[in-house]
$ cat work.cif   # mmCIF, C-alpha atoms
data_data
#
loop_
_atom_site.label_atom_id
_atom_site.label_comp_id
_atom_site.auth_asym_id
_atom_site.auth_seq_id
_atom_site.Cartn_x
_atom_site.Cartn_y
_atom_site.Cartn_z
CA MET A 99 0.00 0.00 0.00
CA TRP A 100 1.04 3.62 -0.13
CA ILE A 101 0.70 6.63 2.08
CA TYR A 102 0.68 10.26 1.00
CA GLN A 103 2.88 12.89 2.61
CA LYS A 104 1.61 16.44 2.22
CA HIS A 105 4.89 17.90 0.94
CA LEU A 106 7.03 17.76 -2.18
CA GLN A 107 10.31 15.83 -2.21
CA TYR A 108 12.14 19.00 -3.25
CA PRO A 109 11.03 22.66 -3.25
CA VAL A 110 9.62 24.05 -6.50
CA ARG A 111 9.89 27.69 -7.52
CA VAL A 112 8.31 29.06 -10.69
CA ASP A 113 8.95 32.73 -11.44
CA ARG A 114 6.20 33.48 -13.97
CA PRO A 115 3.61 31.82 -16.23
CA ASN A 116 5.55 30.27 -19.09
CA PRO A 117 3.53 27.98 -21.38
CA ALA A 118 6.51 27.52 -23.72
CA LEU A 119 8.47 25.94 -20.87
CA ALA A 120 5.43 23.95 -19.71
CA LYS A 121 5.17 22.51 -23.21
CA VAL A 122 8.60 20.87 -22.94
CA VAL A 123 8.69 20.10 -19.19
CA VAL A 124 5.55 17.97 -19.63
CA ALA A 125 7.88 15.48 -21.37
CA GLN A 126 8.92 14.29 -17.90
CA TYR A 127 5.29 13.91 -16.83
CA GLY A 128 3.77 11.94 -19.70
CA GLY A 129 6.62 11.39 -22.14
CA PRO A 130 8.20 7.98 -22.86
CA ASP A 131 11.21 8.65 -20.57
CA GLY A 132 9.24 10.55 -17.94
CA GLU A 133 8.49 9.96 -14.28
CA LEU A 134 5.14 8.20 -14.73
CA GLY A 135 6.71 5.54 -16.92
CA ALA A 136 9.69 5.20 -14.57
CA SER A 137 7.46 4.65 -11.58
CA LEU A 138 5.15 2.14 -13.26
CA ARG A 139 8.10 0.24 -14.76
CA TYR A 140 9.87 -0.33 -11.43
CA LEU A 141 6.74 -0.98 -9.42
CA THR A 142 5.67 -3.77 -11.76
CA GLN A 143 9.11 -5.31 -12.28
CA ARG A 144 9.58 -5.87 -8.55
CA TYR A 145 7.19 -8.85 -8.28
CA THR A 146 9.50 -11.24 -10.08
CA MET A 147 12.81 -9.91 -8.74
CA PRO A 148 14.81 -12.75 -7.16
CA MET A 149 16.90 -10.74 -4.66
CA PRO A 150 15.73 -8.96 -1.50
CA GLU A 151 17.98 -5.98 -2.32
CA ALA A 152 16.32 -5.61 -5.73
CA ARG A 153 12.76 -6.04 -4.42
CA ALA A 154 13.42 -3.26 -1.90
CA ALA A 155 15.19 -0.92 -4.34
CA LEU A 156 12.53 -1.27 -7.05
CA THR A 157 9.79 -0.56 -4.51
CA ASP A 158 11.62 2.45 -3.09
CA ILE A 159 12.83 3.92 -6.40
CA GLY A 160 9.38 3.34 -7.95
CA THR A 161 7.90 5.23 -5.02
CA GLU A 162 10.43 8.06 -5.36
CA GLU A 163 9.52 8.37 -9.04
CA LEU A 164 5.90 8.99 -8.01
CA ALA A 165 7.18 11.88 -5.90
CA HIS A 166 9.10 13.15 -8.95
CA MET A 167 5.92 12.93 -11.01
CA GLU A 168 4.32 15.20 -8.41
CA ILE A 169 7.22 17.67 -8.69
CA VAL A 170 6.95 17.77 -12.50
CA GLY A 171 3.15 18.09 -12.25
CA THR A 172 3.67 21.02 -9.88
CA LEU A 173 6.03 22.63 -12.40
CA VAL A 174 3.59 22.23 -15.30
CA TYR A 175 0.62 23.41 -13.21
CA ASN A 176 2.41 26.57 -12.07
CA LEU A 177 3.91 27.31 -15.50
CA LEU A 178 0.42 27.21 -17.05
CA LYS A 179 -1.44 28.93 -14.22
CA GLY A 180 -2.27 32.50 -15.11
CA ALA A 181 -0.92 32.23 -18.67
CA SER A 182 -2.98 34.29 -21.10
CA LEU A 183 -4.55 32.71 -24.19
CA GLU A 184 -2.25 34.87 -26.26
CA GLU A 185 0.83 33.45 -24.52
CA ILE A 186 -0.57 29.92 -24.85
CA LYS A 187 -1.11 30.38 -28.60
CA LYS A 188 2.31 31.94 -29.07
CA ALA A 189 3.91 28.97 -27.30
CA GLY A 190 2.14 26.51 -29.57
CA MET A 191 0.16 25.21 -26.59
CA ASP A 192 -3.23 25.88 -28.21
CA GLY A 193 -3.62 22.20 -29.08
CA TYR A 194 -2.94 21.24 -25.46
CA TYR A 195 -5.32 23.96 -24.27
CA THR A 196 -8.10 22.61 -26.47
CA ASN A 197 -7.92 19.20 -24.81
CA HIS A 198 -6.89 20.09 -21.25
CA ASP A 199 -7.22 23.86 -20.64
CA ARG A 200 -4.59 24.52 -17.94
CA GLY A 201 -4.94 21.04 -16.47
CA VAL A 202 -1.95 18.72 -16.11
CA PHE A 203 -2.10 15.67 -18.36
CA TYR A 204 0.09 12.68 -19.29
CA VAL A 205 1.29 13.70 -22.74
CA ASP A 206 4.65 14.41 -24.31
CA PRO A 207 5.51 17.85 -25.79
CA ASN A 208 3.81 16.85 -29.04
CA GLY A 209 0.57 15.87 -27.33
CA ILE A 210 1.09 12.13 -27.64
CA PRO A 211 -0.48 10.44 -24.59
CA TRP A 212 1.60 8.26 -22.29
CA SER A 213 1.68 4.62 -23.29
CA ALA A 214 2.70 1.41 -21.53
CA ALA A 215 4.28 0.48 -24.86
CA GLY A 216 7.28 2.56 -23.78
CA ILE A 217 8.11 0.34 -20.76
CA GLN A 218 8.64 -3.36 -20.17
CA CYS A 219 8.53 -6.07 -17.55
CA LYS A 220 10.30 -9.05 -19.02
CA GLY A 221 10.26 -11.20 -15.88
CA ASP A 222 13.96 -11.80 -16.43
CA PRO A 223 15.98 -9.90 -13.81
CA ILE A 224 19.01 -9.26 -16.03
CA ALA A 225 16.84 -7.95 -18.86
CA ASP A 226 14.76 -5.83 -16.47
CA LEU A 227 17.68 -4.31 -14.54
CA THR A 228 19.49 -3.55 -17.79
CA GLU A 229 16.37 -1.76 -19.05
CA ASP A 230 16.31 0.21 -15.78
CA LEU A 231 19.90 1.37 -16.26
CA SER A 232 19.01 2.56 -19.75
CA ALA A 233 15.81 4.22 -18.51
CA GLU A 234 17.72 6.26 -15.95
CA GLU A 235 20.16 7.48 -18.58
CA LYS A 236 17.34 8.40 -20.97
CA ALA A 237 15.64 10.36 -18.20
CA ARG A 238 18.98 12.01 -17.32
CA ALA A 239 19.51 13.01 -20.98
CA THR A 240 15.97 14.43 -21.13
CA TYR A 241 16.72 16.58 -18.07
CA ASP A 242 19.92 17.77 -19.77
CA TYR A 243 17.91 18.90 -22.80
CA LEU A 244 15.31 20.57 -20.58
CA LEU A 245 18.07 22.40 -18.70
CA ASN A 246 19.31 23.69 -22.07
CA LEU A 247 15.79 25.00 -22.80
CA SER A 248 14.85 26.42 -19.39
CA ASP A 249 14.77 30.22 -19.07
CA ASP A 250 13.37 30.20 -15.51
CA PRO A 251 16.01 30.01 -12.72
CA GLY A 252 13.57 28.39 -10.24
CA VAL A 253 12.58 25.68 -12.73
CA THR A 254 16.24 25.13 -13.58
CA ASP A 255 17.05 24.50 -9.91
CA THR A 256 14.32 21.85 -9.62
CA LEU A 257 15.36 20.20 -12.91
CA ARG A 258 18.94 19.96 -11.64
CA PHE A 259 17.76 18.12 -8.53
CA LEU A 260 15.70 15.67 -10.60
CA ARG A 261 18.63 15.08 -12.95
CA ALA A 262 20.88 14.26 -10.01
CA ARG A 263 18.39 11.67 -8.75
CA GLU A 264 18.55 9.82 -12.09
CA VAL A 265 22.31 9.53 -11.59
CA VAL A 266 21.84 8.09 -8.09
CA HIS A 267 19.23 5.59 -9.33
CA PHE A 268 21.56 4.52 -12.14
CA GLN A 269 24.22 3.82 -9.50
CA ARG A 270 21.82 1.69 -7.41
CA PHE A 271 20.65 -0.30 -10.45
CA GLY A 272 24.28 -0.91 -11.41
CA GLU A 273 24.95 -2.29 -7.92
CA LEU A 274 21.93 -4.57 -8.19
CA LEU A 275 23.00 -5.93 -11.56
CA GLN A 276 26.49 -6.62 -10.18
CA LEU A 277 24.99 -8.38 -7.14
CA LEU A 278 22.82 -10.46 -9.46
CA TYR A 279 25.80 -11.58 -11.54
CA ASP A 280 27.86 -12.33 -8.40
CA ARG A 281 25.15 -14.58 -6.96
CA LYS A 282 24.36 -16.17 -10.29
CA ASN A 283 28.00 -17.17 -10.68
CA SER A 284 28.44 -18.41 -7.11
CA LYS A 285 27.79 -22.04 -6.10
CA SER A 286 24.94 -21.21 -3.73
CA VAL A 287 21.88 -20.32 -5.71
CA TRP A 288 18.93 -18.50 -4.18
CA MET B 107 7.18 32.14 4.64
CA GLU B 108 7.96 30.85 8.14
CA ARG B 109 5.82 27.85 7.36
CA MET B 110 7.82 27.06 4.22
CA ASP B 111 11.10 27.47 6.16
CA LYS B 112 9.95 24.90 8.71
CA LEU B 113 8.67 22.59 5.97
CA LYS B 114 12.03 22.83 4.21
CA GLN B 115 13.70 21.55 7.39
CA VAL B 116 11.35 18.56 7.35
CA MET B 117 11.97 17.99 3.62
CA GLU B 118 15.73 18.19 4.02
CA LEU B 119 15.87 15.62 6.81
CA TYR B 120 13.38 13.35 5.04
CA PHE B 121 15.45 13.51 1.87
CA CYS B 122 18.57 12.42 3.80
CA LEU B 123 16.62 9.42 5.09
CA LEU B 124 15.23 8.59 1.65
CA ASP B 125 18.63 8.66 -0.01
CA LEU B 126 20.23 6.60 2.78
CA ASN B 127 17.35 4.14 2.43
CA LEU B 128 18.21 3.56 -1.24
CA TYR B 129 21.87 3.13 -0.34
CA LEU B 130 21.03 0.67 2.44
CA ASP B 131 18.84 -1.34 0.04
CA THR B 132 22.01 -2.33 -1.82
CA HIS B 133 24.37 -2.17 1.23
CA PRO B 134 22.25 -3.69 4.04
CA ASN B 135 25.28 -4.61 6.17
CA ASP B 136 26.88 -1.16 6.27
CA THR B 137 26.57 -0.56 10.01
CA LYS B 138 28.16 2.89 9.87
CA THR B 139 25.40 4.08 7.54
CA LEU B 140 22.76 2.33 9.65
CA LYS B 141 23.88 4.39 12.64
CA LYS B 142 23.77 7.56 10.56
CA PHE B 143 20.23 6.70 9.46
CA GLU B 144 19.13 6.23 13.06
CA ALA B 145 20.67 9.53 14.15
CA ILE B 146 19.04 11.53 11.33
CA ASN B 147 15.74 9.75 11.92
CA GLU B 148 15.70 11.04 15.49
CA ASP B 149 16.12 14.64 14.27
CA TYR B 150 13.50 14.05 11.58
CA MET B 151 10.86 12.73 14.00
CA LYS B 152 11.40 15.74 16.26
CA VAL B 153 11.27 18.38 13.49
CA ARG B 154 8.27 16.85 11.70
CA GLN B 155 6.32 16.78 14.97
CA GLU B 156 7.12 20.47 15.49
CA TYR B 157 5.78 21.21 12.01
CA VAL B 158 2.64 19.11 12.52
CA THR B 159 1.87 20.76 15.86
CA GLU B 160 2.30 24.25 14.42
CA TYR B 161 0.87 23.90 10.91
CA GLY B 162 -1.14 20.69 10.54
CA PRO B 163 -0.88 17.09 9.36
CA LEU B 164 1.71 15.75 6.92
CA LEU B 165 0.06 12.31 7.04
CA PHE B 166 -3.66 11.86 7.56
CA THR B 167 -2.79 9.88 10.68
CA ASP B 168 -1.13 12.93 12.27
CA VAL B 169 -3.71 13.88 14.84
CA THR B 170 -3.96 17.66 14.89
CA ASP B 171 -7.75 17.76 14.84
CA ASN B 172 -9.08 20.02 17.55
CA GLY B 173 -12.16 17.80 17.79
CA LYS B 174 -14.22 20.14 15.64
CA ARG B 175 -12.99 19.88 12.10
CA TRP B 176 -10.93 17.46 9.99
CA GLN B 177 -7.66 19.33 9.38
CA TRP B 178 -6.35 17.13 6.54
CA ILE B 179 -8.47 18.93 3.91
CA ASN B 180 -6.91 22.31 4.63
CA ASP B 181 -4.82 24.11 2.00
CA PRO B 182 -2.06 24.33 1.06
CA TRP B 183 -1.52 21.17 -0.94
CA PRO B 184 2.07 20.77 -2.15
CA TRP B 185 1.42 22.15 -5.65
CA GLN B 186 -0.18 25.36 -4.32
CA LEU B 187 3.15 27.16 -4.10
CA GLU B 188 1.68 30.60 -3.42
CA ASN B 189 -0.36 29.39 -0.41
CA TYR B 190 2.53 28.56 1.92
#

$ encode --input "work.cif" --output "structure tokens"
Amino acid sequence: MWIYQKHLQYPVRVDRPNPALAKVVVAQYGGPDGELGASLRYLTQRYTMPMPEARAALTDIGTEELAHMEIVGTLVYNLLKGASLEEIKKAGMDGYYTNHDRGVFYVDPNGIPWSAAGIQCKGDPIADLTEDLSAEEKARATYDYLLNLSDDPGVTDTLRFLRAREVVHFQRFGELLQLLYDRKNSKSVW
Amino acid sequence: MERMDKLKQVMELYFCLLDLNLYLDTHPNDTKTLKKFEAINEDYMKVRQEYVTEYGPLLFTDVTDNGKRWQWINDPWPWQLENY
């Protein structure tokens, strides 16, 4: 089960309405390498994980990704809040506006809705952990591109934090994969 | 703004615990880190209780109800940045 804590994992500051920035930041909400996909991937891969370390880490990282989804949702919400229709049109967000007004929805910057087709649970721990390593790097690269695009210092600060977390998760998944190989190659099998 | 300052103290300590938790998931026998976790957890429990007493629940099980009204529904929610 889960419990909700009434605070963000990291503070969010947004200096002004900025639909152009919202348009790209939403990539980490509903895009293929975003936080929703990350969370759902880890939380469903954990059932068939053979090691206690991996069952714990997938549960905990999957949970942290939900908290990151909330941070990105908070960014998008505050970047769209108070934006005029003129600004929305100028930013090319009129298509988004037509479907969602200033609501926060699981789409990528081009309006393509999130899909489970972008994630996998193979039931094979080596395949799954290797996918997780790749997923963290894809998310890290996406944050790099968003940092290149951000013109809001508050948003940039939050994006830097989220980027750093991908690096930590990559490290943990690397340790799990190494542990898995070590135990697989040892005489005592789980 | 005082409320946000206090909440940031809670968030900072909780983040330390969360990151140590991930580390301990892959290093469960690191007793030095276990001790660090326990020490930070003590600070965290103290600071979060101070926040809850002053400003309201962080979990719905935090009893701050004065017996008259359910406090959990009160703003701000985390995304309402201007309401802190």

$ residues_around --input "work.cif" --residues "segment 195-200 of chain A" --least-positions-apart "3" --cutoff "7 Å" --atoms "all atoms listed in the file" --output "list in words"
Leu178, Lys179, Met191 and Asp192 of chain A

$ interface_residues --input "work.cif" --of "chain A" --to "chain B" --cutoff "6 Å" --atoms "all atoms listed in the file" --output "number ranges by chain"
A: 103-106, 151, 155, 172

$ resolve_selection --input "work.cif" --expression "the PyMOL selection byres ((chain A and resi 267-282) around 9)" --output "PDB file with C-alpha atoms, keeping the file's coordinate frame"
ATOM      1  CA  PRO A 148      14.810 -12.750  -7.160  1.00  0.00           C
ATOM      2  CA  MET A 149      16.900 -10.740  -4.660  1.00  0.00           C
ATOM      3  CA  GLU A 151      17.980  -5.980  -2.320  1.00  0.00           C
ATOM      4  CA  ALA A 152      16.320  -5.610  -5.730  1.00  0.00           C
ATOM      5  CA  ALA A 155      15.190  -0.920  -4.340  1.00  0.00           C
ATOM      6  CA  LEU A 156      12.530  -1.270  -7.050  1.00  0.00           C
ATOM      7  CA  ILE A 159      12.830   3.920  -6.400  1.00  0.00           C
ATOM      8  CA  PRO A 223      15.980  -9.900 -13.810  1.00  0.00           C
ATOM      9  CA  ILE A 224      19.010  -9.260 -16.030  1.00  0.00           C
ATOM     10  CA  LEU A 227      17.680  -4.310 -14.540  1.00  0.00           C
ATOM     11  CA  THR A 228      19.490  -3.550 -17.790  1.00  0.00           C
ATOM     12  CA  ASP A 230      16.310   0.210 -15.780  1.00  0.00           C
ATOM     13  CA  LEU A 231      19.900   1.370 -16.260  1.00  0.00           C
ATOM     14  CA  SER A 232      19.010   2.560 -19.750  1.00  0.00           C
ATOM     15  CA  ALA A 233      15.810   4.220 -18.510  1.00  0.00           C
ATOM     16  CA  GLU A 234      17.720   6.260 -15.950  1.00  0.00           C
ATOM     17  CA  GLU A 235      20.160   7.480 -18.580  1.00  0.00           C
ATOM     18  CA  ALA A 262      20.880  14.260 -10.010  1.00  0.00           C
ATOM     19  CA  ARG A 263      18.390  11.670  -8.750  1.00  0.00           C
ATOM     20  CA  GLU A 264      18.550   9.820 -12.090  1.00  0.00           C
ATOM     21  CA  VAL A 265      22.310   9.530 -11.590  1.00  0.00           C
ATOM     22  CA  VAL A 266      21.840   8.090  -8.090  1.00  0.00           C
ATOM     23  CA  ASN A 283      28.000 -17.170 -10.680  1.00  0.00           C
ATOM     24  CA  SER A 284      28.440 -18.410  -7.110  1.00  0.00           C
ATOM     25  CA  LYS A 285      27.790 -22.040  -6.100  1.00  0.00           C
ATOM     26  CA  SER A 286      24.940 -21.210  -3.730  1.00  0.00           C
ATOM     27  CA  VAL A 287      21.880 -20.320  -5.710  1.00  0.00           C
ATOM     28  CA  TRP A 288      18.930 -18.500  -4.180  1.00  0.00           C
TER      29      TRP A 288
ATOM     30  CA  LEU B 128      18.210   3.560  -1.240  1.00  0.00           C
ATOM     31  CA  TYR B 129      21.870   3.130  -0.340  1.00  0.00           C
ATOM     32  CA  ASP B 131      18.840  -1.340   0.040  1.00  0.00           C
ATOM     33  CA  THR B 132      22.010  -2.330  -1.820  1.00  0.00           C
TER      34      THR B 132
END

$ residues_around --input "work.cif" --residues "Ala118 of chain A" --least-positions-apart "4" --cutoff "9 Å" --atoms "all atoms listed in the file" --output "VMD selection string"
chain A and resid 122 to 123 177 185 to 186 188 to 191

$ write_last_selection --input "work.cif" --atoms "C-alpha atoms" --output "short mmCIF file (atom, residue, chain, number, x, y, z; two decimals), in the frame of the given file"
data_model
loop_
_atom_site.label_atom_id
_atom_site.label_comp_id
_atom_site.auth_asym_id
_atom_site.auth_seq_id
_atom_site.Cartn_x
_atom_site.Cartn_y
_atom_site.Cartn_z
CA VAL A 122 8.60 20.87 -22.94
CA VAL A 123 8.69 20.10 -19.19
CA LEU A 177 3.91 27.31 -15.50
CA GLU A 185 0.83 33.45 -24.52
CA ILE A 186 -0.57 29.92 -24.85
CA LYS A 188 2.31 31.94 -29.07
CA ALA A 189 3.91 28.97 -27.30
CA GLY A 190 2.14 26.51 -29.57
CA MET A 191 0.16 25.21 -26.59
#

$ atom_distance --input "work.cif" --atom1 "atom CA of Tyr102 of chain A" --atom2 "atom CA of Glu162 of chain A"
11.8 Å

$ resolve_selection --input "work.cif" --expression "the PyMOL selection byres ((chain A and resi 164) around 12)" --output "ChimeraX atom specification"
/A:100-103,106-107,126-127,132-141,157-163,165-171

$ resolve_selection --input "work.cif" --expression "the PyMOL selection byres ((chain A and resi 214) around 9)" --output "number ranges by chain"
A: 130, 135, 138-139, 212-213, 215-218

$ atom_distance --input "work.cif" --atom1 "atom CA of Arg238 of chain A" --atom2 "atom CA of Asp206 of chain A"
16.1 Å

$ residues_around --input "work.cif" --residues "Asn246 of chain A" --least-positions-apart "5" --cutoff "12 Å" --atoms "only C-alpha atoms" --output "list in words"
Leu119, Val122, Val123, Ala239, Thr240, Tyr241, Pro251, Val253, Thr254, Leu257 and Arg258 of chain A

$ atom_distance --input "work.cif" --atom1 "atom CA of Asp255 of chain A" --atom2 "atom CA of Arg114 of chain A"
14.7 Å

$ axis_aligned_box --input "work.cif" --around "segment 139-157 of chain B" --padding-each-side "4 Å" --output "lines of an AutoDock Vina configuration file"
center_x = 15.6
center_y = 11.8
center_z = 11.9
size_x = 27.6
size_y = 26.9
size_z = 16.7

$ residues_around --input "work.cif" --residues "Lys220 of chain A" --least-positions-apart "6" --cutoff "10 Å" --atoms "only C-alpha atoms" --output "list in words"
Gln143, Thr146, Asp226, Leu227 and Glu229 of chain A

$ residues_around --input "work.cif" --residues "Val124 of chain A" --least-positions-apart "5" --cutoff "7 Å" --atoms "only C-alpha atoms" --output "VMD selection string"
chain A and resid 174 205 to 207

$ build_atoms --input "work.cif" --residues "segment 263-284 of chain A" --atoms "N, CA and C atoms" --output "PDB file, in the frame of the given file"
ATOM      1  N   ARG A 263      19.016  12.897  -9.261  1.00  0.00           N
ATOM      2  CA  ARG A 263      18.390  11.670  -8.750  1.00  0.00           C
ATOM      3  C   ARG A 263      18.503  10.530  -9.765  1.00  0.00           C
ATOM      4  N   GLU A 264      18.412  10.869 -11.059  1.00  0.00           N
ATOM      5  CA  GLU A 264      18.550   9.820 -12.090  1.00  0.00           C
ATOM      6  C   GLU A 264      19.939   9.188 -11.991  1.00  0.00           C
ATOM      7  N   VAL A 265      20.937  10.027 -11.698  1.00  0.00           N
ATOM      8  CA  VAL A 265      22.310   9.530 -11.590  1.00  0.00           C
ATOM      9  C   VAL A 265      22.441   8.578 -10.391  1.00  0.00           C
ATOM     10  N   VAL A 266      21.803   8.958  -9.279  1.00  0.00           N
ATOM     11  CA  VAL A 266      21.840   8.090  -8.090  1.00  0.00           C
ATOM     12  C   VAL A 266      21.136   6.757  -8.373  1.00  0.00           C
ATOM     13  N   HIS A 267      19.982   6.825  -9.023  1.00  0.00           N
ATOM     14  CA  HIS A 267      19.230   5.590  -9.330  1.00  0.00           C
ATOM     15  C   HIS A 267      20.052   4.683 -10.255  1.00  0.00           C
ATOM     16  N   PHE A 268      20.717   5.293 -11.233  1.00  0.00           N
ATOM     17  CA  PHE A 268      21.560   4.520 -12.140  1.00  0.00           C
ATOM     18  C   PHE A 268      22.618   3.753 -11.334  1.00  0.00           C
ATOM     19  N   GLN A 269      23.214   4.442 -10.367  1.00  0.00           N
ATOM     20  CA  GLN A 269      24.220   3.820  -9.500  1.00  0.00           C
ATOM     21  C   GLN A 269      23.637   2.614  -8.757  1.00  0.00           C
ATOM     22  N   ARG A 270      22.455   2.784  -8.161  1.00  0.00           N
ATOM     23  CA  ARG A 270      21.820   1.690  -7.410  1.00  0.00           C
ATOM     24  C   ARG A 270      21.506   0.514  -8.334  1.00  0.00           C
ATOM     25  N   PHE A 271      20.971   0.791  -9.521  1.00  0.00           N
ATOM     26  CA  PHE A 271      20.650  -0.300 -10.450  1.00  0.00           C
ATOM     27  C   PHE A 271      21.918  -1.034 -10.891  1.00  0.00           C
ATOM     28  N   GLY A 272      23.008  -0.292 -11.054  1.00  0.00           N
ATOM     29  CA  GLY A 272      24.280  -0.910 -11.410  1.00  0.00           C
ATOM     30  C   GLY A 272      24.750  -1.868 -10.308  1.00  0.00           C
ATOM     31  N   GLU A 273      24.576  -1.429  -9.047  1.00  0.00           N
ATOM     32  CA  GLU A 273      24.950  -2.290  -7.920  1.00  0.00           C
ATOM     33  C   GLU A 273      24.102  -3.556  -7.890  1.00  0.00           C
ATOM     34  N   LEU A 274      22.825  -3.407  -8.187  1.00  0.00           N
ATOM     35  CA  LEU A 274      21.930  -4.570  -8.190  1.00  0.00           C
ATOM     36  C   LEU A 274      22.311  -5.562  -9.281  1.00  0.00           C
ATOM     37  N   LEU A 275      22.625  -5.043 -10.452  1.00  0.00           N
ATOM     38  CA  LEU A 275      23.000  -5.930 -11.560  1.00  0.00           C
ATOM     39  C   LEU A 275      24.288  -6.686 -11.210  1.00  0.00           C
ATOM     40  N   GLN A 276      25.240  -5.975 -10.590  1.00  0.00           N
ATOM     41  CA  GLN A 276      26.490  -6.620 -10.180  1.00  0.00           C
ATOM     42  C   GLN A 276      26.219  -7.714  -9.141  1.00  0.00           C
ATOM     43  N   LEU A 277      25.368  -7.393  -8.161  1.00  0.00           N
ATOM     44  CA  LEU A 277      24.990  -8.380  -7.140  1.00  0.00           C
ATOM     45  C   LEU A 277      24.367  -9.624  -7.782  1.00  0.00           C
ATOM     46  N   LEU A 278      23.519  -9.373  -8.769  1.00  0.00           N
ATOM     47  CA  LEU A 278      22.820 -10.460  -9.460  1.00  0.00           C
ATOM     48  C   LEU A 278      23.821 -11.378 -10.157  1.00  0.00           C
ATOM     49  N   TYR A 279      24.779 -10.777 -10.862  1.00  0.00           N
ATOM     50  CA  TYR A 279      25.800 -11.580 -11.540  1.00  0.00           C
ATOM     51  C   TYR A 279      26.640 -12.352 -10.519  1.00  0.00           C
ATOM     52  N   ASP A 280      27.036 -11.674  -9.421  1.00  0.00           N
ATOM     53  CA  ASP A 280      27.860 -12.330  -8.400  1.00  0.00           C
ATOM     54  C   ASP A 280      27.158 -13.568  -7.862  1.00  0.00           C
ATOM     55  N   ARG A 281      25.870 -13.448  -7.554  1.00  0.00           N
ATOM     56  CA  ARG A 281      25.150 -14.580  -6.960  1.00  0.00           C
ATOM     57  C   ARG A 281      24.864 -15.667  -7.977  1.00  0.00           C
ATOM     58  N   LYS A 282      24.632 -15.224  -9.215  1.00  0.00           N
ATOM     59  CA  LYS A 282      24.360 -16.170 -10.290  1.00  0.00           C
ATOM     60  C   LYS A 282      25.584 -17.062 -10.520  1.00  0.00           C
ATOM     61  N   ASN A 283      26.761 -16.447 -10.396  1.00  0.00           N
ATOM     62  CA  ASN A 283      28.000 -17.170 -10.680  1.00  0.00           C
ATOM     63  C   ASN A 283      28.550 -17.913  -9.466  1.00  0.00           C
ATOM     64  N   SER A 284      27.948 -17.702  -8.288  1.00  0.00           N
ATOM     65  CA  SER A 284      28.440 -18.410  -7.110  1.00  0.00           C
ATOM     66  C   SER A 284      27.750 -19.771  -7.021  1.00  0.00           C
TER      67      SER A 284
END
